[in-house]
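A.B. asks: Would you mind keeping the following structure in view while I ask a few things?
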Amino acid sequence: MLDYFREYFDYKILAIALALAAIGLVSIYSATYDAGVGMIFTRQAIWATGAIVALLVATFFPLRTLQRIAFPLYGGTIVLLLIVLIVGRTISGSKSWFGVGGMGIQPSEFAKVTTVLALAAFLSRPTTNLAEAKHLFIAIGIALLPMMMVFLQPDVGTSLVFLTLLIPVLYWSGADNFTLAIILSPMLAAFGALLGTIPFILAVLISLALLYYTKKNLFTAAAVFGLTIAIGLSVQAVFERLPAYQQKRIVAFLNPEADPLGSGYNVLQSKVAIGSGGLFGKGFLQGTQTQLNFIPEQWTDFIFCVPGEEFGFAGASLVLILFSALLLRGIKIAGLSKNPFCGIAAIGIVGALTTHVLINIGMSMGIMPVIGIPLPFLSYGGSALVANMTMVGLLMNFFSNRKAY
Amino acid sequence: MSEREIGHPSRRRVLTIATIVIMSLLFVRLYQLQLLYHGEFGKKSQENSVRSVVKDPIRGYIHDRHGSLVVDVGPFYTITLTPIEYDARNTPFLAQLLGLNESLLAERIAKASAYSRFVPTRIKRDLDYESLAAIQENLYLLPGIGFEVEMKRTYPTKARATHLLGYNREITEAQLGRVGDYYRLGNVIGAGGLESSYETILRGQKGFTFFAVNAKGQVLGPFEEGTHDIAAKDGFDLILNVDVGVQAFAESLMTNYRGALVAIDPSNGGILALVSKPDFDPSIFSGVTPADLWTELNSDSTKPLFNRATMTRYPPGSTFKMVLAAAALDEKVITEHTRIQCYGAYRFGDRVFKDMHAHGSVNVVEAIQRSCNVFFYQLIMKVGFDKWTEYGRKFGFGRASGIDIGEETSGLLPSTSYYDRVYGKGRWTQGYLVSLSTGQGEVGVSPLQMAVYAAAIANGGTIHQPHAVQYIRNKRLNRLETVEQRSNPTGISQHTMDLIREGMRRAVHDPRGTGYAARISGIVSAGKTGTAENPHGVDHAWYIGFAPFDDPKIAVAIMLENAGFGGAKAAPIAGLVMERYLYGELKRYVPPLAPRATKPADSTRAITQVRTD
């Protein structure tokens with residue numbers, strides 16, 4: 001009986017996810033303890049219950065059916081994204097919410113899951129050949145469509161995730177180095193362009209090198225290089241039109257002291273919070289930075305400061321170790337899966353989660369730009385928690401079906 | 001199947017290593033921050049944690065056209081409480097000092113603690129001087145209690161100009177959600193009038209002072225010698241077109257009426273005075289807004305909160321006849337010599353429309369002078385409905401004037417398409433036009449629109465967008481900025497305008513004219529009376545006019561609800577206001593009026609008086 005359970009139920013990854021969610025609830029409780037927003041913790045606890053239900057549904061969902069409905073699910077979330085663009089609620093300058101009975105729903109979080117599934121469904125088809133430009137463009141298009149719609153909300157942080165998960169997914173699916181260079185170089189240029197002229201030139205040079213050393217034919221390489229420069233320049237043009245708060249966040253990354261009240265202030269205070277935690281932290285509800293509400297709305301994007309300050313290096317390391325274990329477990333499941341759909345989807349999930357962890361924790365510690373994306377399982381936000389738990393449930397599903405073709 | 005392989009073991013290794021590298025990067029940074037730099041950050045958090053305190057800017061002043069200060073700011077005192085330092089045993093004593101109910105105070109303290117134990121929360125605003133003195137004497141006995149100085153609006157002149165200036169009040173929670181993230185609960189925001197429409201200009205920008213606080217939230221001193229502080233930017237001042245003396249005088253003349261008066265400079269559309277009665281003292285909302293007073297004003301049946309100058313929509317009566325006259329003359333339907341016989345009544349179908357007198361044979365100038373209805377009844381049949389509507393539109397009716405105080409009605413200018421919509425195509429007759437010809441029936445205008453119309457007649461045919469603000473004093477660039485404003489010629493010929501103006505001049509200066517009561521000694525003026533038929537009660541009185549006739553400096557429109565004939569009630573007030581403006585003083589003797597309330601305490605009584613009339 002126990003052997004059967006171990007064979008088909010990946011309790012390890014479940015334990016990791018539940019531990020992260022528990023740390024998240026404790027952190028949210030602490031962050032909102034003295035901020036006059038008591039409802040936040042209660043709401044998140046309710047969402048957590050719902051998220052566990054979602055996890056169980058994803059775990060036991062019939063795999064064949066899931067594979068078949070991957071595209072309809074994807075289409076459904078695209079429609080939701082479209083509706084939210086038209087009638088959504090605006091929260092901190094971006095239109096990404098549905099209001100349902102006092103609780104908001106963010107379709108972009110679910111779009112990540114369905115995009116991964118749709119990519120996996122397409123790339124696992126025996127007829128798909130990534131060496132063919134048409135198939136490559138379809139794969140890119142599947143990620144680019146929701147990415148553009150989320151970008152228009154505008155939610156730059158979340159839209160970025162759709163692009164970054166594409167790289168490991170294509171890599172896993174057997175794309176050659178030249179193909180990866182073709183996709184990577186415009187992204188590098190776009191990112192560099194946001195940071196300024198010198199990073200942009202640097203990004204262009206790296207792209208040039210990448211394309212040159214992986215090139216299969218000179219014409220394509222030259223065309224992609226031209227495209228890279230064009231995209232970089234147009235990103236700069238788009239940046240000028242971004243809402244002020246997004247611009248400020250990007251500028252604040254370059255010079256946090258320039259805007260002591262805006263995002264730069266958050267990063268300074270966040271670094272002070274984490275740094276002052278020391279080895280064992282100041283103790284639960286004893287973090288002065290957290291309890292004195294130095295960081296506005298800390299329970300969303302800057303939640304990592306709470307374990308950092310109150311539980312110190314011991315607590316924050318635990319969070320990092322749990323995330324590492326979760327991501328590596330995901331890659332392992334991908335490797336174990338005989339069904340290519342499962343493998344690709346697992347890598348997509350790992351790619352999305354890695355992006356969130358790297359950008360969010362990196363931002364809290366001042367080594368990543370202040371891009372507003374939540375820390376999986378920890379940040380306040382019901383839709384994100386449900387979506388992340390669903391992804392863990394899918395990994396568990398792939399684990400139990402790992403021997404099926 | 002292509003030759004590619006999904007999930008090749010080598011690729012799995014690369015992804016595993018990439019993940020380990022990324023996580024290690026975060027790990028190294030965490031180690032660096034928490035263990036290597038711990039000393040530095042720990043100290044910063046212990047001693048150098050930063051708290052920002054908002055510095056409110058001074059709201060912009062408002063001056064009139066001669067530079068008199070109309071709206072000022074003055075200090076008021078607010079008691080704050082920091083829960084963590086406060087001793088709950090002091091509550092009865094504190095309640096006594098503040099003159100507050102003990103349980104109410106305890107409730108407020110509980111609320112403050114729930115919000116934050118470390119931050120001072122306002123527990124009593126706009127304290128009177130006696131209580132303030134009592135608190136200051138006992139401050140050493142009351143840890144956690146402090147006070148801060150806030151600013152509130154004061155009104156140094158005799159004019160109220162409530163609906164023109166608007167007022168300040170505490171922002172409501174409902175508003176907070178709408179107006180963006182500049183405001184916090186307890187902030188003041190402009191409501192109504194100029195205070196609202198020039199809110200972002202008047203309010204300025206908040207500043208921030210940074211304090212170093214220790215782990216308990218106690219202030220240790222300025223953070224890094226205040227080098228990060230951001231100074232508050234004071235609001236810009238407004239310099240109005242309004243003449244506050246004329247405003248106050250017009251208000252006093254209208255004390256016992258319900259109605260409105262708008263005076264405009266015909267050369268540029270500048271608002272010289274804008275009165276809406278009944279009104280209320282705007283200073284009652286400065287500082288703390290008493291909820292019961294607000295409810296009382298809101299439920300008052302005479303609607304003192306309602307801006308009658310820009311928001312009412314009454315028929316203009318005979319003051320509208322010049323629209324039809326202009327259409328007839330300009331479209332060459334009649335000439336100045338065309339005469340129509342008036343027998344004192346006009347039959348259309350089976351209805352008889354009456355006139356005040358049988359005016360006999362009249363031409364257009366005489367018809368305006370003596371306000372002959374029959375002349376215009378017949379004229380609209382010749383001119384036609386569409387032309388009437390077209391000329392009404394030229395004079396600015398049926399649309400918002402674009403005045404810079406925000407709230408105004410566009411009124412209603414009936415047209416063929418409007419009647420088709422309301423009554424159905426072919427379901428209405430030409431008989432409807434007879435009423436419109438003399439400004440009765442569905443046509444609805446505001447006193448403001450009438451003043452713009454009077455100004456356009458005065459200046460020979462240009463519609464100026466009315467504006468109360470002349471300049472904004474930009475304190476950052478230290479210069480006066482002119483408020484932009486549009487002007488549109490009506491395109492009506494000079495000859496037509498001259499005939500209309502002549503009719504209006506005679507209406508005032510010929511003893512047989514209807515506006516004889518509006519005469520100003522030593523100055524030639526022109527005008528037109530009107531009486532709006534009111535099916536629900538006594539008619540509304542109208543008068544529009546301008547002076548001096550040859551070089552108009554002021555145009556006035558006045559409407560008095562349920563006051564009867566325009567010539568008897570409205571015309572004399574218009575004459576007095578114009579005289580006061582043109583001479584800068586009154587030349588004739590005016591019997592003293594009811595004393596005006598100036599103190600906030602009296603203002604409610606003043607409102608009640610109006611109501612019981």
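Each chain of the structure tokens is named A, B, ... in the order shown, its residues numbered from 1; ligands are numbered from 1 in display order.
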Determine which residues of chain A sit within 8 Å of chain B, taking into account only C-alpha atoms, and present them as an MDAnalysis selection string.
C.D. replies: chainID A and resid 34:36 126:129 168 171:175 260 271:279 288:289 292 294 312:313 316:317 320 324 327:328 331 334:335 340 343:344 354 358 361:362 365
A.B. asks: Mind checking which residues fall within 9 Å of A:Thr59, counting only C-alpha atoms, ignoring those fewer than 2 positions away in the same chain, and posting them as an NGL selection string?
C.D. replies: :A and (9 or 54-57 or 61-62 or 390 or 392-398 or 400)
A.B. asks: Could you write out, as an MDAnalysis selection string, all the residues of stretch 19-91 of chain B that DSSP marks as alpha helix (DSSP H)?
C.D. replies: chainID B and resid 19:31 38:47 91
A.B. asks: Could you go through stretch 209-253 of chain B and tell me which residues DSSP, when run on the backbone, assigns to strand (DSSP E), listing them as number ranges by chain?
C.D. replies: B: 209-213, 219-222, 237-240
A.B. asks: Would you write out those residues with all heavy atoms, as a tab-separated table (two decimals), in the first residue's frame?
C.D. replies:
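Once written, result-v4.tsv looks like this:
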chain	number	residue	atom	x	y	z
B	209	THR	N	9.32	65.19	4.87
B	209	THR	CA	10.48	65.33	5.74
B	209	THR	C	10.81	63.94	6.24
B	209	THR	O	9.92	63.19	6.63
B	209	THR	CB	10.13	66.23	6.93
B	209	THR	OG1	9.45	67.37	6.44
B	209	THR	CG2	11.39	66.67	7.65
B	210	PHE	N	12.10	63.60	6.21
B	210	PHE	CA	12.49	62.26	6.65
B	210	PHE	C	13.13	62.32	8.02
B	210	PHE	O	14.01	63.15	8.27
B	210	PHE	CB	13.45	61.63	5.63
B	210	PHE	CG	12.78	61.40	4.31
B	210	PHE	CD1	12.91	62.33	3.28
B	210	PHE	CD2	11.98	60.30	4.11
B	210	PHE	CE1	12.28	62.14	2.07
B	210	PHE	CE2	11.35	60.10	2.89
B	210	PHE	CZ	11.49	61.02	1.88
B	211	PHE	N	12.64	61.46	8.90
B	211	PHE	CA	13.19	61.38	10.24
B	211	PHE	C	13.81	60.01	10.46
B	211	PHE	O	13.31	59.01	9.95
B	211	PHE	CB	12.08	61.59	11.29
B	211	PHE	CG	11.53	62.97	11.28
B	211	PHE	CD1	10.31	63.24	10.70
B	211	PHE	CD2	12.25	64.02	11.84
B	211	PHE	CE1	9.81	64.53	10.67
B	211	PHE	CE2	11.75	65.30	11.83
B	211	PHE	CZ	10.53	65.56	11.25
B	212	ALA	N	14.88	60.00	11.22
B	212	ALA	CA	15.43	58.73	11.64
B	212	ALA	C	14.63	58.29	12.85
B	212	ALA	O	14.39	59.08	13.76
B	212	ALA	CB	16.89	58.89	11.99
B	213	VAL	N	14.17	57.05	12.85
B	213	VAL	CA	13.44	56.54	14.00
B	213	VAL	C	14.13	55.27	14.48
B	213	VAL	O	14.73	54.54	13.69
B	213	VAL	CB	11.96	56.25	13.67
B	213	VAL	CG1	11.19	57.52	13.46
B	213	VAL	CG2	11.86	55.36	12.45
B	219	VAL	N	11.26	59.12	17.26
B	219	VAL	CA	12.04	59.96	16.34
B	219	VAL	C	13.36	60.34	16.99
B	219	VAL	O	13.41	60.80	18.13
B	219	VAL	CB	11.23	61.23	15.98
B	219	VAL	CG1	12.09	62.17	15.16
B	219	VAL	CG2	9.98	60.84	15.22
B	220	LEU	N	14.45	60.10	16.26
B	220	LEU	CA	15.77	60.43	16.79
B	220	LEU	C	16.28	61.76	16.24
B	220	LEU	O	17.18	62.35	16.79
B	220	LEU	CB	16.77	59.33	16.41
B	220	LEU	CG	16.43	57.93	16.94
B	220	LEU	CD1	17.39	56.91	16.38
B	220	LEU	CD2	16.48	57.91	18.46
B	221	GLY	N	15.71	62.21	15.14
B	221	GLY	CA	16.17	63.47	14.54
B	221	GLY	C	16.05	63.36	13.04
B	221	GLY	O	15.61	62.34	12.52
B	222	PRO	N	16.43	64.42	12.33
B	222	PRO	CA	16.30	64.38	10.87
B	222	PRO	C	17.21	63.30	10.27
B	222	PRO	O	18.29	63.04	10.78
B	222	PRO	CB	16.73	65.78	10.42
B	222	PRO	CG	17.33	66.42	11.60
B	222	PRO	CD	16.92	65.70	12.82
B	237	ASP	N	-1.64	80.82	-6.99
B	237	ASP	CA	-2.75	81.73	-6.70
B	237	ASP	C	-3.60	81.94	-7.95
B	237	ASP	O	-3.10	81.84	-9.07
B	237	ASP	CB	-2.22	83.09	-6.23
B	237	ASP	CG	-1.37	82.96	-4.99
B	237	ASP	OD1	-1.47	81.93	-4.30
B	237	ASP	OD2	-0.60	83.90	-4.71
B	238	LEU	N	-4.85	82.29	-7.71
B	238	LEU	CA	-5.72	82.65	-8.83
B	238	LEU	C	-6.02	84.14	-8.74
B	238	LEU	O	-6.26	84.67	-7.66
B	238	LEU	CB	-7.05	81.88	-8.76
B	238	LEU	CG	-6.98	80.35	-8.78
B	238	LEU	CD1	-8.39	79.78	-8.73
B	238	LEU	CD2	-6.26	79.87	-10.03
B	239	ILE	N	-5.97	84.82	-9.87
B	239	ILE	CA	-6.41	86.21	-9.92
B	239	ILE	C	-7.65	86.22	-10.81
B	239	ILE	O	-7.60	85.82	-11.98
B	239	ILE	CB	-5.31	87.15	-10.46
B	239	ILE	CG1	-4.19	87.24	-9.44
B	239	ILE	CG2	-5.86	88.55	-10.70
B	239	ILE	CD1	-2.98	86.49	-9.77
B	240	LEU	N	-8.76	86.64	-10.22
B	240	LEU	CA	-10.04	86.52	-10.90
B	240	LEU	C	-10.37	87.74	-11.74
B	240	LEU	O	-9.78	88.81	-11.56
B	240	LEU	CB	-11.16	86.33	-9.86
B	240	LEU	CG	-10.97	85.20	-8.85
B	240	LEU	CD1	-12.20	85.11	-7.95
B	240	LEU	CD2	-10.75	83.88	-9.55
A.B. asks: Env of B:His337: 10 Å cut, atoms = only C-alpha atoms, seq-sep filter 2 positions within chain, self excluded. Answer as an MDAnalysis selection string.
C.D. replies: chainID B and resid 334:335 339:340 362:365
A.B. asks: Contacts of A:Tyr405 at 12 Å or less, counting only C-alpha atoms, minus same-chain residues fewer than 6 places along, as a PyMOL selection string?
C.D. replies: chain A and resi 63-64+124+336-343+398
A.B. asks: Export, as an mmCIF file, in the first residue's frame, the selected residues with all heavy atoms.
C.D. replies:
data_model
loop_
_atom_site.group_PDB
_atom_site.id
_atom_site.type_symbol
_atom_site.label_atom_id
_atom_site.label_comp_id
_atom_site.auth_asym_id
_atom_site.auth_seq_id
_atom_site.Cartn_x
_atom_site.Cartn_y
_atom_site.Cartn_z
ATOM 1 N N LEU A 63 -4.678 12.347 -17.725
ATOM 2 C CA LEU A 63 -3.632 12.970 -18.541
ATOM 3 C C LEU A 63 -4.028 13.128 -20.007
ATOM 4 O O LEU A 63 -3.810 14.175 -20.617
ATOM 5 C CB LEU A 63 -2.349 12.147 -18.428
ATOM 6 C CG LEU A 63 -1.136 12.738 -19.144
ATOM 7 C CD1 LEU A 63 -0.781 14.096 -18.577
ATOM 8 C CD2 LEU A 63 0.051 11.789 -19.035
ATOM 9 N N ARG A 64 -4.659 12.049 -20.567
ATOM 10 C CA ARG A 64 -5.034 12.108 -21.999
ATOM 11 C C ARG A 64 -5.993 13.269 -22.253
ATOM 12 O O ARG A 64 -5.852 14.001 -23.221
ATOM 13 C CB ARG A 64 -5.715 10.800 -22.420
ATOM 14 C CG ARG A 64 -4.897 9.574 -22.237
ATOM 15 C CD ARG A 64 -3.864 9.414 -23.358
ATOM 16 N NE ARG A 64 -2.770 8.597 -22.882
ATOM 17 C CZ ARG A 64 -1.488 8.770 -23.166
ATOM 18 N NH1 ARG A 64 -1.132 9.779 -23.947
ATOM 19 N NH2 ARG A 64 -0.575 7.965 -22.698
ATOM 20 N N SER A 124 4.942 18.556 -28.594
ATOM 21 C CA SER A 124 5.053 17.114 -28.430
ATOM 22 C C SER A 124 4.433 16.350 -29.598
ATOM 23 O O SER A 124 4.528 15.143 -29.671
ATOM 24 C CB SER A 124 4.402 16.691 -27.110
ATOM 25 O OG SER A 124 3.029 17.015 -27.141
ATOM 26 N N LEU A 336 12.127 12.075 -16.099
ATOM 27 C CA LEU A 336 11.543 10.752 -15.890
ATOM 28 C C LEU A 336 10.403 10.465 -16.865
ATOM 29 O O LEU A 336 10.121 9.309 -17.167
ATOM 30 C CB LEU A 336 11.005 10.636 -14.456
ATOM 31 C CG LEU A 336 12.046 10.564 -13.331
ATOM 32 C CD1 LEU A 336 11.344 10.589 -11.973
ATOM 33 C CD2 LEU A 336 12.903 9.324 -13.467
ATOM 34 N N SER A 337 9.730 11.550 -17.340
ATOM 35 C CA SER A 337 8.515 11.357 -18.138
ATOM 36 C C SER A 337 8.826 10.739 -19.488
ATOM 37 O O SER A 337 9.669 11.244 -20.233
ATOM 38 C CB SER A 337 7.797 12.705 -18.335
ATOM 39 O OG SER A 337 7.369 13.186 -17.100
ATOM 40 N N LYS A 338 8.097 9.697 -19.805
ATOM 41 C CA LYS A 338 8.261 9.074 -21.125
ATOM 42 C C LYS A 338 7.429 9.824 -22.164
ATOM 43 O O LYS A 338 7.761 9.863 -23.335
ATOM 44 C CB LYS A 338 7.817 7.609 -21.051
ATOM 45 C CG LYS A 338 8.690 6.777 -20.129
ATOM 46 C CD LYS A 338 9.234 5.577 -20.863
ATOM 47 C CE LYS A 338 10.478 4.993 -20.219
ATOM 48 N NZ LYS A 338 10.320 4.605 -18.815
ATOM 49 N N ASN A 339 6.332 10.390 -21.703
ATOM 50 C CA ASN A 339 5.455 11.151 -22.596
ATOM 51 C C ASN A 339 6.071 12.548 -22.816
ATOM 52 O O ASN A 339 6.265 13.293 -21.862
ATOM 53 C CB ASN A 339 4.079 11.273 -21.934
ATOM 54 C CG ASN A 339 3.071 12.012 -22.813
ATOM 55 O OD1 ASN A 339 3.461 12.781 -23.685
ATOM 56 N ND2 ASN A 339 1.799 11.768 -22.583
ATOM 57 N N PRO A 340 6.419 12.884 -24.076
ATOM 58 C CA PRO A 340 7.078 14.184 -24.317
ATOM 59 C C PRO A 340 6.222 15.378 -23.863
ATOM 60 O O PRO A 340 6.769 16.397 -23.426
ATOM 61 C CB PRO A 340 7.305 14.205 -25.821
ATOM 62 C CG PRO A 340 6.457 13.113 -26.390
ATOM 63 C CD PRO A 340 6.263 12.103 -25.319
ATOM 64 N N PHE A 341 4.894 15.253 -23.934
ATOM 65 C CA PHE A 341 4.012 16.340 -23.483
ATOM 66 C C PHE A 341 4.317 16.676 -22.027
ATOM 67 O O PHE A 341 4.466 17.837 -21.636
ATOM 68 C CB PHE A 341 2.545 15.918 -23.648
ATOM 69 C CG PHE A 341 1.556 16.836 -22.980
ATOM 70 C CD1 PHE A 341 1.217 18.047 -23.564
ATOM 71 C CD2 PHE A 341 0.970 16.493 -21.766
ATOM 72 C CE1 PHE A 341 0.303 18.887 -22.946
ATOM 73 C CE2 PHE A 341 0.063 17.337 -21.144
ATOM 74 C CZ PHE A 341 -0.272 18.543 -21.738
ATOM 75 N N CYS A 342 4.405 15.625 -21.190
ATOM 76 C CA CYS A 342 4.647 15.844 -19.769
ATOM 77 C C CYS A 342 6.002 16.504 -19.552
ATOM 78 O O CYS A 342 6.141 17.446 -18.766
ATOM 79 C CB CYS A 342 4.622 14.514 -19.019
ATOM 80 S SG CYS A 342 3.023 13.712 -19.070
ATOM 81 N N GLY A 343 7.007 16.005 -20.268
ATOM 82 C CA GLY A 343 8.353 16.542 -20.094
ATOM 83 C C GLY A 343 8.404 18.023 -20.423
ATOM 84 O O GLY A 343 8.925 18.841 -19.647
ATOM 85 N N PHE A 398 2.245 14.407 -13.681
ATOM 86 C CA PHE A 398 3.240 13.877 -14.616
ATOM 87 C C PHE A 398 4.060 12.783 -13.927
ATOM 88 O O PHE A 398 4.443 11.808 -14.540
ATOM 89 C CB PHE A 398 4.176 14.988 -15.102
ATOM 90 C CG PHE A 398 3.451 16.115 -15.788
ATOM 91 C CD1 PHE A 398 3.998 17.392 -15.837
ATOM 92 C CD2 PHE A 398 2.209 15.911 -16.396
ATOM 93 C CE1 PHE A 398 3.340 18.428 -16.461
ATOM 94 C CE2 PHE A 398 1.543 16.947 -17.022
ATOM 95 C CZ PHE A 398 2.099 18.207 -17.052
#
A.B. asks: Restricting the calculation to only C-alpha atoms, which member of B:Asn241, B:Asn562, B:Thr80, B:Thr310 is positioned closest to B:Asp265?
C.D. replies: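 Looking at the shortest contact to B:Asp265, the residue is B:Asn241.
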A.B. asks: Tell me which of A:Val238, A:Leu180, A:Ala346, A:Val116 sits closest to A:Thr214, counting only C-alpha atoms.
C.D. replies: A:Leu180
A.B. asks: Give me, please, the distance in Å between atom CA of A:Val357 and atom CA of A:Pro374, quoted to one decimal.
C.D. replies: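 Distance between the two atoms: 8.4 Å.
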A.B. asks: What does the distance from atom CA of A:Ala120 to atom CA of A:Phe151 come to in Å, to one decimal?
C.D. replies: 22.6 Å
A.B. asks: In Å, rounded to a single decimal, give me how far atom CA of B:Ala400 is from atom CA of B:Pro572.
C.D. replies: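 Computing it gives 28.2 Å between the two atoms.
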A.B. asks: Show me, as a ChimeraX atom specification, the residues that have an atom within 12 Å of A:Thr164 when counting only C-alpha atoms, minus same-chain residues fewer than 4 positions from it.
C.D. replies: /A:112,116,140,143-144,147,157-160,168-171,180,183-184,187-188,191,347-356,358-359
A.B. asks: I'd like the contact shell of B:Asn459 - 9 Å cut-off, only C-alpha atoms, skipping same-chain residues fewer than 5 positions apart - returned as an mmCIF file with C-alpha atoms, in the first residue's frame.
C.D. replies:
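As written to disk, out.cif reads:
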data_model
loop_
_atom_site.group_PDB
_atom_site.id
_atom_site.type_symbol
_atom_site.label_atom_id
_atom_site.label_comp_id
_atom_site.auth_asym_id
_atom_site.auth_seq_id
_atom_site.Cartn_x
_atom_site.Cartn_y
_atom_site.Cartn_z
ATOM 1 C CA PRO B 266 -18.431 91.852 -22.859
ATOM 2 C CA SER B 267 -14.958 92.489 -24.283
ATOM 3 C CA ALA B 454 -26.183 89.631 -23.426
ATOM 4 C CA ASP B 551 -18.676 101.076 -25.273
ATOM 5 C CA PRO B 552 -20.092 98.226 -23.156
#
A.B. asks: Can you pull out every residue within 6 Å of A:Phe311, counting only C-alpha atoms, but drop anything in the same chain fewer than 4 positions away, and send it as number ranges by chain?
C.D. replies: A: 280-281, 283, 307, 315
A.B. asks: Output N, CA, C and O atoms for every residue in the selection just made, as a PDB file, in the first residue's frame.
C.D. replies:
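The new file result.pdb reads:
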ATOM      1  N   PHE A 280      20.020  34.667  12.612  1.00  0.00           N
ATOM      2  CA  PHE A 280      18.770  34.021  13.040  1.00  0.00           C
ATOM      3  C   PHE A 280      17.552  34.947  13.040  1.00  0.00           C
ATOM      4  O   PHE A 280      16.468  34.550  13.442  1.00  0.00           O
ATOM      5  N   GLY A 281      17.738  36.198  12.618  1.00  0.00           N
ATOM      6  CA  GLY A 281      16.603  37.108  12.508  1.00  0.00           C
ATOM      7  C   GLY A 281      16.218  37.732  13.831  1.00  0.00           C
ATOM      8  O   GLY A 281      16.794  37.434  14.879  1.00  0.00           O
ATOM      9  N   GLY A 283      13.133  37.628  15.091  1.00  0.00           N
ATOM     10  CA  GLY A 283      12.018  36.916  15.721  1.00  0.00           C
ATOM     11  C   GLY A 283      10.689  37.287  15.096  1.00  0.00           C
ATOM     12  O   GLY A 283      10.522  38.394  14.567  1.00  0.00           O
ATOM     13  N   PRO A 307      10.625  36.846   5.923  1.00  0.00           N
ATOM     14  CA  PRO A 307      11.494  35.787   6.443  1.00  0.00           C
ATOM     15  C   PRO A 307      12.923  36.275   6.590  1.00  0.00           C
ATOM     16  O   PRO A 307      13.625  35.874   7.525  1.00  0.00           O
ATOM     17  N   GLY A 315      16.215  31.397   8.115  1.00  0.00           N
ATOM     18  CA  GLY A 315      14.883  31.332   7.523  1.00  0.00           C
ATOM     19  C   GLY A 315      14.911  31.577   6.024  1.00  0.00           C
ATOM     20  O   GLY A 315      14.280  30.849   5.250  1.00  0.00           O
TER      21      GLY A 315
END
